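Here's model-v3.txt, which has compact mmCIF, C-alpha atoms and all ligand atoms:
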# COMPACT_ATOMS: atom_id res chain seq x y z
CA MET I 1 -42.22 -17.44 45.54
CA ASP I 2 -39.82 -15.68 43.16
CA PHE I 3 -36.69 -13.91 44.34
CA ILE I 4 -37.67 -11.06 41.99
CA ASP I 5 -41.15 -11.27 40.49
CA LEU I 6 -40.91 -9.82 36.97
CA LYS I 7 -44.00 -11.62 35.79
CA SER I 8 -46.47 -9.74 38.02
CA GLN I 9 -44.86 -6.51 36.93
CA TYR I 10 -45.32 -7.39 33.27
CA LEU I 11 -48.95 -8.36 33.84
CA ALA I 12 -49.62 -5.05 35.60
CA SER I 13 -48.17 -3.02 32.70
CA ARG I 14 -48.86 -5.43 29.87
CA GLU I 15 -50.98 -3.18 27.62
CA LEU I 16 -48.58 -0.26 27.89
CA ILE I 17 -45.48 -2.38 27.29
CA ASN I 18 -47.01 -4.24 24.36
CA ALA I 19 -48.22 -1.00 22.76
CA ARG I 20 -44.81 0.64 23.15
CA ILE I 21 -43.07 -2.37 21.59
CA GLN I 22 -45.63 -2.48 18.75
CA THR I 23 -44.95 1.18 17.97
CA VAL I 24 -41.26 0.42 17.49
CA LEU I 25 -42.04 -2.59 15.29
CA ASP I 26 -44.30 -0.35 13.19
CA HIS I 27 -41.83 2.50 12.65
CA GLY I 28 -38.86 0.14 12.37
CA GLN I 29 -36.15 2.50 13.66
CA TYR I 30 -34.50 -0.14 15.82
CA ILE I 31 -31.32 1.83 16.44
CA MET I 32 -31.54 5.44 17.70
CA GLY I 33 -35.28 5.59 17.05
CA PRO I 34 -37.44 8.33 18.60
CA GLU I 35 -37.89 6.40 21.88
CA VAL I 36 -34.19 6.82 22.65
CA ALA I 37 -34.35 10.63 22.85
CA GLU I 38 -37.76 10.46 24.51
CA LEU I 39 -36.41 8.22 27.28
CA GLU I 40 -33.30 10.37 27.73
CA GLY I 41 -35.51 13.44 28.15
CA ARG I 42 -37.77 11.71 30.66
CA LEU I 43 -34.89 10.33 32.73
CA ALA I 44 -32.96 13.61 32.76
CA ALA I 45 -36.09 15.40 33.98
CA TYR I 46 -36.71 12.70 36.59
CA THR I 47 -33.21 12.93 38.09
CA GLY I 48 -32.76 16.66 37.60
CA ALA I 49 -29.48 16.12 35.71
CA ARG I 50 -29.05 18.27 32.58
CA HIS I 51 -28.11 15.32 30.37
CA CYS I 52 -28.96 11.65 30.12
CA VAL I 53 -27.17 9.39 27.61
CA THR I 54 -28.58 5.89 27.26
CA VAL I 55 -26.08 3.09 26.62
CA SER I 56 -26.01 -0.67 26.10
CA SER I 57 -25.56 -1.66 29.78
CA GLY I 58 -24.61 -0.44 33.21
CA THR I 59 -21.12 -1.81 32.71
CA GLU I 60 -20.74 0.13 29.45
CA ALA I 61 -21.97 3.26 31.25
CA LEU I 62 -19.07 2.96 33.72
CA VAL I 63 -16.55 2.35 30.91
CA ILE I 64 -17.84 5.32 28.91
CA ALA I 65 -17.81 7.58 32.00
CA LEU I 66 -14.14 6.75 32.65
CA MET I 67 -13.27 7.20 28.94
CA ALA I 68 -15.03 10.58 28.84
CA LEU I 69 -13.07 11.67 31.91
CA GLY I 70 -9.84 10.69 30.15
CA VAL I 71 -8.82 7.95 32.59
CA LYS I 72 -5.82 6.13 31.12
CA PRO I 73 -3.23 3.45 31.97
CA GLY I 74 -1.30 4.35 35.11
CA ASP I 75 -4.15 6.37 36.62
CA GLU I 76 -5.71 5.24 39.89
CA VAL I 77 -9.41 5.08 40.64
CA ILE I 78 -10.67 4.65 44.20
CA THR I 79 -13.64 2.32 44.65
CA THR I 80 -15.33 -0.21 46.94
CA PRO I 81 -14.50 -3.93 46.95
CA PHE I 82 -18.07 -4.74 48.06
CA SER I 83 -19.98 -4.47 44.78
CA PHE I 84 -20.80 -6.31 41.60
CA ILE I 85 -17.60 -7.00 39.64
CA ALA I 86 -18.47 -4.48 36.89
CA THR I 87 -17.52 -1.54 39.12
CA ALA I 88 -13.85 -2.53 39.22
CA GLU I 89 -13.89 -4.21 35.81
CA ALA I 90 -14.52 -0.88 34.07
CA ILE I 91 -11.42 0.57 35.76
CA VAL I 92 -9.06 -2.24 34.77
CA LEU I 93 -10.47 -2.41 31.22
CA LEU I 94 -9.05 1.09 30.72
CA GLY I 95 -5.68 0.01 32.07
CA ALA I 96 -6.14 2.04 35.23
CA THR I 97 -5.49 0.71 38.74
CA PRO I 98 -8.38 0.11 41.13
CA VAL I 99 -7.64 1.23 44.68
CA PHE I 100 -9.97 -0.60 47.06
CA VAL I 101 -11.17 1.32 50.10
CA ASP I 102 -13.19 -0.53 52.74
CA VAL I 103 -16.90 -0.10 53.37
CA GLU I 104 -18.87 0.88 56.43
CA ALA I 105 -20.64 -2.08 58.11
CA GLY I 106 -24.01 -0.44 58.78
CA THR I 107 -24.76 0.51 55.16
CA CYS I 108 -22.23 -1.64 53.24
CA ASN I 109 -21.30 1.54 51.31
CA LEU I 110 -17.83 3.08 50.84
CA ASP I 111 -16.42 4.44 54.12
CA HIS I 112 -15.67 8.05 53.16
CA ARG I 113 -13.34 8.51 56.17
CA LEU I 114 -10.84 6.09 54.64
CA ILE I 115 -10.63 7.71 51.19
CA GLU I 116 -8.29 10.64 51.70
CA ALA I 117 -5.40 8.49 52.99
CA ARG I 118 -5.45 6.52 49.73
CA ILE I 119 -5.24 9.47 47.35
CA THR I 120 -1.94 9.79 45.44
CA PRO I 121 -0.76 12.09 42.62
CA ARG I 122 -2.05 9.44 40.19
CA THR I 123 -5.63 9.34 41.53
CA ARG I 124 -8.14 10.57 38.95
CA ALA I 125 -11.58 9.56 40.17
CA ILE I 126 -13.66 7.95 42.93
CA ILE I 127 -16.42 5.44 42.16
CA PRO I 128 -18.75 4.98 45.14
CA VAL I 129 -21.54 2.44 44.69
CA SER I 130 -25.05 3.12 46.01
CA LEU I 131 -25.37 -0.47 47.13
CA TYR I 132 -28.69 -2.29 47.50
CA GLY I 133 -30.44 0.90 46.39
CA GLN I 134 -29.19 3.35 49.04
CA PRO I 135 -27.00 6.30 48.00
CA ALA I 136 -23.49 6.37 49.46
CA ASP I 137 -22.26 9.32 51.59
CA MET I 138 -22.08 11.49 48.49
CA ASP I 139 -21.59 14.94 50.10
CA GLU I 140 -18.58 13.74 52.10
CA ILE I 141 -17.16 11.91 49.07
CA ASN I 142 -17.68 14.94 46.81
CA ALA I 143 -15.95 17.14 49.39
CA VAL I 144 -12.84 14.90 49.44
CA ALA I 145 -12.87 14.81 45.62
CA GLU I 146 -13.12 18.56 45.38
CA ARG I 147 -10.14 19.09 47.69
CA HIS I 148 -8.04 16.94 45.35
CA GLY I 149 -9.53 17.84 41.96
CA LEU I 150 -11.03 14.38 41.34
CA ALA I 151 -14.17 13.32 39.49
CA VAL I 152 -16.84 11.28 41.28
CA ILE I 153 -18.78 8.63 39.36
CA GLU I 154 -21.77 7.28 41.28
CA ASP I 155 -22.36 3.63 40.38
CA ALA I 156 -26.13 3.93 40.70
CA ALA I 157 -26.89 0.63 38.95
CA GLN I 158 -28.98 -0.41 41.98
CA SER I 159 -30.27 2.97 43.13
CA PHE I 160 -32.17 4.67 40.31
CA GLY I 161 -35.11 6.40 42.01
CA ALA I 162 -33.46 6.74 45.44
CA THR I 163 -33.04 10.15 47.05
CA TYR I 164 -30.22 11.75 49.00
CA ARG I 165 -30.87 14.96 50.95
CA GLY I 166 -33.76 15.75 48.61
CA ARG I 167 -31.87 15.03 45.37
CA LYS I 168 -32.11 12.03 43.11
CA SER I 169 -29.49 9.31 42.80
CA CYS I 170 -27.62 9.59 39.44
CA ASN I 171 -27.55 13.39 39.92
CA LEU I 172 -25.32 13.53 42.99
CA SER I 173 -21.83 13.89 41.48
CA THR I 174 -19.80 14.51 38.29
CA VAL I 175 -21.41 11.52 36.55
CA GLY I 176 -24.05 8.98 37.57
CA CYS I 177 -24.27 5.56 35.91
CA THR I 178 -27.27 3.25 36.08
CA SER I 179 -28.35 -0.11 34.66
CA PHE I 180 -31.63 -1.32 33.20
CA PHE I 181 -30.75 -5.00 33.59
CA PRO I 182 -34.15 -6.76 33.99
CA SER I 183 -33.86 -7.34 37.75
CA LYS I 184 -32.81 -3.77 38.65
CA PRO I 185 -35.44 -1.47 40.17
CA LEU I 186 -36.04 0.10 36.72
CA GLY I 187 -35.33 -2.68 34.26
CA CYS I 188 -35.80 -3.36 30.55
CA TYR I 189 -36.13 -6.76 28.86
CA GLY I 190 -32.49 -7.15 27.90
CA ASP I 191 -29.40 -5.07 28.54
CA GLY I 192 -29.46 -1.30 28.93
CA GLY I 193 -28.04 1.53 30.98
CA ALA I 194 -27.63 5.28 31.19
CA LEU I 195 -25.18 8.04 32.11
CA PHE I 196 -26.22 11.28 33.79
CA THR I 197 -24.30 14.53 34.07
CA SER I 198 -24.89 18.26 34.17
CA ASP I 199 -21.51 18.98 32.53
CA ASP I 200 -22.14 19.86 28.85
CA ALA I 201 -18.65 18.92 27.63
CA LEU I 202 -18.72 15.55 29.40
CA ALA I 203 -22.18 14.83 28.01
CA SER I 204 -21.10 15.48 24.44
CA ALA I 205 -17.97 13.34 24.94
CA MET I 206 -20.17 10.52 26.29
CA ARG I 207 -22.55 10.81 23.32
CA GLU I 208 -19.63 10.54 20.90
CA ILE I 209 -17.95 7.65 22.72
CA ARG I 210 -21.24 5.74 22.72
CA VAL I 211 -21.15 5.68 18.89
CA HIS I 212 -17.53 4.86 18.02
CA GLY I 213 -16.27 8.30 18.94
CA GLN I 214 -17.95 9.96 16.00
CA SER I 215 -18.95 13.60 16.02
CA ARG I 216 -20.69 13.19 12.64
CA ARG I 217 -21.14 10.15 10.46
CA TYR I 218 -17.70 8.74 9.54
CA VAL I 219 -15.90 11.54 11.39
CA HIS I 220 -14.22 9.89 14.40
CA THR I 221 -12.80 12.55 16.68
CA ARG I 222 -12.01 10.16 19.54
CA ILE I 223 -11.82 6.45 20.36
CA GLY I 224 -15.24 5.10 21.23
CA VAL I 225 -17.24 1.92 21.57
CA GLY I 226 -20.41 0.40 20.11
CA GLY I 227 -22.48 1.24 23.15
CA ARG I 228 -25.98 2.26 22.08
CA MET I 229 -29.12 1.12 23.88
CA ASP I 230 -31.56 -0.19 21.29
CA THR I 231 -34.94 1.43 20.65
CA LEU I 232 -37.00 -1.57 21.80
CA GLN I 233 -35.35 -1.55 25.23
CA CYS I 234 -35.90 2.21 25.55
CA ALA I 235 -39.59 1.61 24.70
CA VAL I 236 -39.85 -0.97 27.51
CA VAL I 237 -38.32 1.43 30.05
CA LEU I 238 -40.68 4.22 28.89
CA ALA I 239 -43.66 1.93 29.52
CA LYS I 240 -42.35 0.84 32.93
CA LEU I 241 -41.72 4.45 33.99
CA GLU I 242 -45.49 5.00 34.22
CA ARG I 243 -45.73 2.86 37.35
CA PHE I 244 -42.20 3.41 38.62
CA GLU I 245 -42.94 5.85 41.45
CA TRP I 246 -45.68 3.56 42.72
CA GLU I 247 -43.32 0.59 42.49
CA VAL I 248 -40.65 2.41 44.51
CA GLU I 249 -43.26 3.07 47.22
CA GLN I 250 -44.25 -0.59 47.20
CA ARG I 251 -40.61 -1.66 47.56
CA GLN I 252 -40.29 0.67 50.55
CA ARG I 253 -43.51 -0.73 52.00
CA ALA I 254 -42.23 -4.29 51.65
CA ALA I 255 -38.93 -3.26 53.28
CA ALA I 256 -40.83 -1.65 56.19
CA CYS I 257 -42.79 -4.91 56.62
CA TYR I 258 -39.58 -6.92 56.80
CA HIS I 259 -38.10 -4.41 59.18
CA ASP I 260 -41.05 -4.74 61.59
CA LEU I 261 -41.13 -8.52 61.35
CA LEU I 262 -37.39 -8.94 61.89
CA GLY I 263 -37.17 -6.30 64.59
CA GLY I 264 -38.86 -8.41 67.30
CA THR I 265 -37.47 -11.60 68.74
CA LEU I 266 -34.99 -11.96 65.87
CA ALA I 267 -33.39 -8.55 66.34
CA ASP I 268 -30.30 -9.97 68.09
CA LEU I 269 -29.58 -12.40 65.24
CA VAL I 270 -30.75 -10.69 62.06
CA GLU I 271 -29.46 -7.23 61.30
CA PRO I 272 -30.97 -5.49 58.26
CA VAL I 273 -28.65 -3.18 56.30
CA GLY I 274 -29.56 0.25 57.64
CA CYS I 275 -30.95 3.20 55.71
CA ARG I 276 -29.74 6.62 56.88
CA PRO I 277 -32.47 9.16 57.74
CA ASP I 278 -31.29 11.75 55.17
CA ARG I 279 -31.82 9.41 52.20
CA THR I 280 -34.14 6.77 50.80
CA SER I 281 -33.41 3.36 49.33
CA VAL I 282 -35.19 1.77 46.38
CA TYR I 283 -34.29 -1.64 47.84
CA ALA I 284 -32.84 -3.24 44.75
CA GLN I 285 -32.10 -5.83 47.43
CA TYR I 286 -33.41 -6.25 50.95
CA THR I 287 -30.28 -7.52 52.64
CA VAL I 288 -29.71 -8.69 56.20
CA ARG I 289 -26.65 -9.84 58.11
CA VAL I 290 -27.03 -13.26 59.72
CA PRO I 291 -24.84 -15.82 61.50
CA GLN I 292 -24.22 -19.18 59.74
CA ARG I 293 -25.39 -17.80 56.44
CA GLU I 294 -24.82 -20.94 54.32
CA ARG I 295 -26.82 -23.08 56.70
CA LEU I 296 -29.70 -20.61 56.87
CA GLN I 297 -29.74 -20.14 53.12
CA GLU I 298 -30.02 -23.90 52.62
CA ALA I 299 -32.83 -24.17 55.20
CA LEU I 300 -34.69 -21.34 53.44
CA ARG I 301 -34.23 -23.04 50.07
CA VAL I 302 -35.76 -26.22 51.47
CA ALA I 303 -38.65 -24.13 52.83
CA GLY I 304 -39.24 -22.73 49.32
CA ILE I 305 -37.81 -19.28 50.00
CA PRO I 306 -35.31 -18.15 47.35
CA THR I 307 -32.45 -15.96 48.58
CA ALA I 308 -29.22 -14.60 47.10
CA VAL I 309 -25.85 -13.41 48.32
CA HIS I 310 -24.63 -9.97 47.23
CA TYR I 311 -21.67 -10.64 47.34
CA PRO I 312 -19.94 -13.80 48.58
CA VAL I 313 -16.39 -12.65 47.73
CA PRO I 314 -15.20 -9.02 47.79
CA ILE I 315 -13.75 -7.90 44.46
CA ASP I 316 -10.23 -7.42 45.89
CA GLN I 317 -10.24 -11.14 46.81
CA GLN I 318 -11.31 -12.36 43.37
CA PRO I 319 -8.57 -14.33 41.55
CA ALA I 320 -8.30 -11.82 38.68
CA TYR I 321 -8.25 -8.80 41.02
CA ARG I 322 -6.09 -9.91 43.98
CA GLN I 323 -3.09 -8.26 42.33
CA TRP I 324 -4.65 -4.89 43.22
CA ALA I 325 -5.64 -5.77 46.80
CA ASP I 326 -4.27 -3.51 49.51
CA PRO I 327 -1.94 -5.50 51.81
CA ALA I 328 -3.92 -4.22 54.80
CA GLY I 329 -7.03 -5.65 53.18
CA CYS I 330 -10.62 -4.52 53.54
CA PRO I 331 -11.68 -6.35 56.72
CA VAL I 332 -15.22 -4.97 56.89
CA ALA I 333 -16.01 -6.07 53.33
CA ALA I 334 -14.38 -9.44 54.04
CA SER I 335 -16.61 -10.09 57.05
CA LEU I 336 -19.77 -8.78 55.35
CA ALA I 337 -19.16 -11.24 52.51
CA HIS I 338 -19.74 -14.07 55.03
CA GLU I 339 -22.84 -12.55 56.61
CA VAL I 340 -25.06 -10.91 53.99
CA LEU I 341 -28.21 -12.56 52.72
CA SER I 342 -30.72 -10.94 50.37
CA LEU I 343 -34.39 -11.86 50.81
CA PRO I 344 -37.08 -11.85 48.12
CA MET I 345 -37.97 -8.23 47.28
CA GLY I 346 -40.07 -6.36 44.78
CA PRO I 347 -43.06 -4.07 44.33
CA TYR I 348 -45.43 -7.03 44.06
CA LEU I 349 -44.23 -8.81 47.22
CA ASP I 350 -47.32 -8.71 49.45
CA ARG I 351 -47.54 -8.65 53.23
CA PRO I 352 -48.36 -12.39 53.63
CA SER I 353 -45.25 -13.22 51.61
CA THR I 354 -43.00 -11.10 53.81
CA HIS I 355 -44.55 -12.92 56.80
CA ARG I 356 -43.76 -16.27 55.21
CA VAL I 357 -40.14 -15.25 54.65
CA ALA I 358 -39.72 -13.91 58.19
CA GLN I 359 -41.27 -17.02 59.69
CA ALA I 360 -39.08 -19.33 57.59
CA LEU I 361 -36.04 -17.33 58.68
CA ALA I 362 -37.05 -17.68 62.34
CA GLN I 363 -37.47 -21.43 61.88
CA ALA I 364 -34.13 -21.70 60.11
CA LEU I 365 -32.42 -19.87 62.99
CA GLN I 366 -34.11 -22.19 65.44
CA GLY I 367 -33.06 -25.23 63.38
CA ALA I 368 -29.48 -23.99 63.52
CA GLY I 369 -29.79 -23.85 67.32
CA LEU I 370 -29.42 -20.05 67.26
CA ALA I 371 -32.92 -18.99 68.29
CA GLY I 372 -35.35 -20.28 70.88
CA ASP I 373 -38.84 -21.70 70.19
CA LYS I 374 -40.37 -18.34 70.87
CA ALA I 375 -38.81 -16.85 67.71
CA ALA I 376 -40.61 -19.16 65.30
C1 LIG Y 1 -25.84 -4.50 37.79
C2 LIG Y 1 -24.68 -3.70 38.22
C3 LIG Y 1 -23.74 -3.22 37.29
C4 LIG Y 1 -23.71 -3.62 35.84
O1 LIG Y 1 -24.87 -3.37 35.13
P1 LIG Y 1 -25.14 -4.22 33.79
O2 LIG Y 1 -26.29 -3.48 33.17
O3 LIG Y 1 -25.49 -5.60 34.21
O4 LIG Y 1 -23.92 -4.16 32.96
C5 LIG Y 1 -22.72 -2.39 37.76
N1 LIG Y 1 -22.62 -2.08 39.05
C6 LIG Y 1 -23.49 -2.53 39.97
C7 LIG Y 1 -23.33 -2.11 41.40
C8 LIG Y 1 -24.54 -3.37 39.58
O5 LIG Y 1 -25.40 -3.83 40.51

Representation of the structure as structure tokens:
Amino acid sequence: MDFIDLKSQYLASRELINARIQTVLDHGQYIMGPEVAELEGRLAAYTGARHCVTVSSGTEALVIALMALGVKPGDEVITTPFSFIATAEAIVLLGATPVFVDVEAGTCNLDHRLIEARITPRTRAIIPVSLYGQPADMDEINAVAERHGLAVIEDAAQSFGATYRGRKSCNLSTVGCTSFFPSKPLGCYGDGGALFTSDDALASAMREIRVHGQSRRYVHTRIGVGGRMDTLQCAVVLAKLERFEWEVEQRQRAAACYHDLLGGTLADLVEPVGCRPDRTSVYAQYTVRVPQRERLQEALRVAGIPTAVHYPVPIDQQPAYRQWADPAGCPVAASLAHEVLSLPMGPYLDRPSTHRVAQALAQALQGAGLAGDKAA
């Protein structure tokens, strides 16, 4: 069993992917070829955002979003400590200060009720993360931002395709950033990412920053980066888009299977991260909270079930980031870091496989003396 099965996905879309790649090899426009604009058009239409700007990775998308918003040294940006490091990394790369606000235990997403107390005259933006594929409480976060004149950047690296109150993730705030890293719900075969906005001025700033801040060739009107997504990777995403909606449904089906299987005798010990009724998750990860996580993870490994931990240490506790930790800490993130365990997930994970995982988890709990015989 694979933690994320990219091979079955390739086999299912092989002809389309190969043909798309061959087309690029034939026309030879490896940088900013026609597939780049084609993909941007398709993704903008999919999310409903007016503009999509593809870039070289999800991390670069966050950096470019902050640059386009004019975030500079001394500014503060509010974000979650319970995310992949790139979320906070983008802030400190620009010389700004990350302000870590704790998450909410049920969803592992930013707790919007704690944001307002942390806003200062230096705050410029809020970066909520739509963790594990489920959008954060975007309406509440946008409302706080609006009261204080702040921008909101949704880190949607894990949530492309998810919906929130009928709208698509990436189109829920000032800017949305996503990633096409191979293991993300919509992945390419290398690095890639995209920015989404409906603000024309921001979109043109982001387009310029992506290519060394140039408005025309050799005219550099601002400081930029080398941040283009290459044509071959755009071609791969275009091919994968054909089955994407179906794949999202299959992810949700697999998650529902897990939910049923874990909801019985294991319900007291295994708590899946919840999905709120007004939104959908694309389940970039299917994550549960368990006691004695290290022990269970090892027992699952021995049973041939690969798992992962997203994330074992909150960002504000990482050696390079502790200097920005709030003295009061982020206790919810700190305890989640000891409890979360992500199970194998993907559109090609069939029902028997989810059964195998659930059964192995029951046995592992029993082996740890936490569950009775009945559970296994
Ligand atoms: C993957 C990820 C990123 C970074 O994306 P890359 O394409 O790997 O640079 C940023 N934020 C979150 C929450 C992620 O999961």

So, counting all atoms listed in the file, which residue among I:Gln359, I:Ser204, I:Thr87, I:Gln134 is closest to ligand LIG 1 (chain Y)?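 Residue with the minimum atom-to-atom distance to ligand LIG 1 (chain Y): I:Thr87.
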
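Selecting all polymer residues at most 7 Å from ligand LIG 1 (chain Y), using all atoms listed in the file, gives I:Ser57, I:Gly58, I:Thr59, I:Glu60, I:Ser83, I:Phe84, I:Ala86, I:Thr87, I:Val129, I:Leu131, I:Asp155, I:Ala156, I:Ala157, I:Gln158, I:Ser179, I:Phe180, I:Phe181, I:Asp191, I:Gly192, I:Gly193.
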
What is the distance between CA of Val71 (chain I) and CA of Asp200 (chain I), in Å to one decimal?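 Pair CA of Val71 (chain I) / CA of Asp200 (chain I) returns 18.3 Å.
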
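You can rank I:Gly133, I:Pro347, I:Pro314, I:Pro81 by their closest distance to Val282 (chain I) using all atoms listed in the file, and at the top of that list sits I:Gly133.
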
Identify, on the basis of all atoms listed in the file, every residue whose closest approach to Lys240 (chain I) does not exceed 8 Å; exclude the query and any residue fewer than 2 positions from it along the same chain; express the result as number ranges by chain. I: 13, 17, 186-187, 236-238, 242-244

Given the selection you just returned, output its residues as a file containing C-alpha atoms, formatted as a PDB file, keeping the file's coordinate frame.
ATOM      1  CA  SER I  13     -48.170  -3.020  32.700  1.00  0.00           C
ATOM      2  CA  ILE I  17     -45.480  -2.380  27.290  1.00  0.00           C
ATOM      3  CA  LEU I 186     -36.040   0.100  36.720  1.00  0.00           C
ATOM      4  CA  GLY I 187     -35.330  -2.680  34.260  1.00  0.00           C
ATOM      5  CA  VAL I 236     -39.850  -0.970  27.510  1.00  0.00           C
ATOM      6  CA  VAL I 237     -38.320   1.430  30.050  1.00  0.00           C
ATOM      7  CA  LEU I 238     -40.680   4.220  28.890  1.00  0.00           C
ATOM      8  CA  GLU I 242     -45.490   5.000  34.220  1.00  0.00           C
ATOM      9  CA  ARG I 243     -45.730   2.860  37.350  1.00  0.00           C
ATOM     10  CA  PHE I 244     -42.200   3.410  38.620  1.00  0.00           C
TER      11      PHE I 244
END

CA of Val290 (chain I) and CA of Leu269 (chain I) are how many Å apart?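 That distance, rounded to one decimal, is 6.1 Å.
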
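Each of I:Ala325, I:Leu262, I:Val101, I:Ala45 was checked against Val357 (chain I) using only C-alpha atoms; the smallest atom-to-atom distance is that of I:Leu262.
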
Figure out the distance between CA of Arg356 (chain I) and CA of Ile305 (chain I), please, to one decimal in Å. 8.5 Å

Would you mind completing region 331-337 of chain I to all heavy atoms and writing the output as a compact mmCIF listing (two decimals), in the frame of the given file?
# COMPACT_ATOMS: atom_id res chain seq x y z
N PRO I 331 -11.10 -5.38 55.79
CA PRO I 331 -11.68 -6.35 56.72
C PRO I 331 -13.20 -6.27 56.86
O PRO I 331 -13.84 -7.29 57.07
CB PRO I 331 -10.98 -6.03 58.06
CG PRO I 331 -10.36 -4.68 57.88
CD PRO I 331 -10.10 -4.51 56.42
N VAL I 332 -13.76 -5.07 56.74
CA VAL I 332 -15.22 -4.97 56.89
C VAL I 332 -15.90 -5.67 55.72
O VAL I 332 -16.81 -6.49 55.91
CB VAL I 332 -15.67 -3.49 57.00
CG1 VAL I 332 -17.20 -3.40 57.09
CG2 VAL I 332 -15.02 -2.82 58.20
N ALA I 333 -15.44 -5.40 54.49
CA ALA I 333 -16.01 -6.07 53.33
C ALA I 333 -15.83 -7.57 53.44
O ALA I 333 -16.74 -8.35 53.14
CB ALA I 333 -15.35 -5.55 52.05
N ALA I 334 -14.65 -8.00 53.93
CA ALA I 334 -14.38 -9.44 54.04
C ALA I 334 -15.36 -10.10 55.01
O ALA I 334 -15.85 -11.19 54.74
CB ALA I 334 -12.94 -9.66 54.51
N SER I 335 -15.68 -9.43 56.12
CA SER I 335 -16.61 -10.09 57.05
C SER I 335 -18.05 -9.99 56.54
O SER I 335 -18.83 -10.93 56.70
CB SER I 335 -16.43 -9.58 58.48
OG SER I 335 -16.89 -8.28 58.58
N LEU I 336 -18.41 -8.88 55.91
CA LEU I 336 -19.77 -8.78 55.35
C LEU I 336 -20.03 -9.89 54.33
O LEU I 336 -21.14 -10.43 54.23
CB LEU I 336 -19.98 -7.42 54.67
CG LEU I 336 -20.17 -6.21 55.61
CD1 LEU I 336 -20.14 -4.92 54.81
CD2 LEU I 336 -21.46 -6.33 56.40
N ALA I 337 -19.00 -10.23 53.56
CA ALA I 337 -19.16 -11.24 52.51
C ALA I 337 -19.61 -12.58 53.08
O ALA I 337 -20.23 -13.38 52.38
CB ALA I 337 -17.86 -11.39 51.74
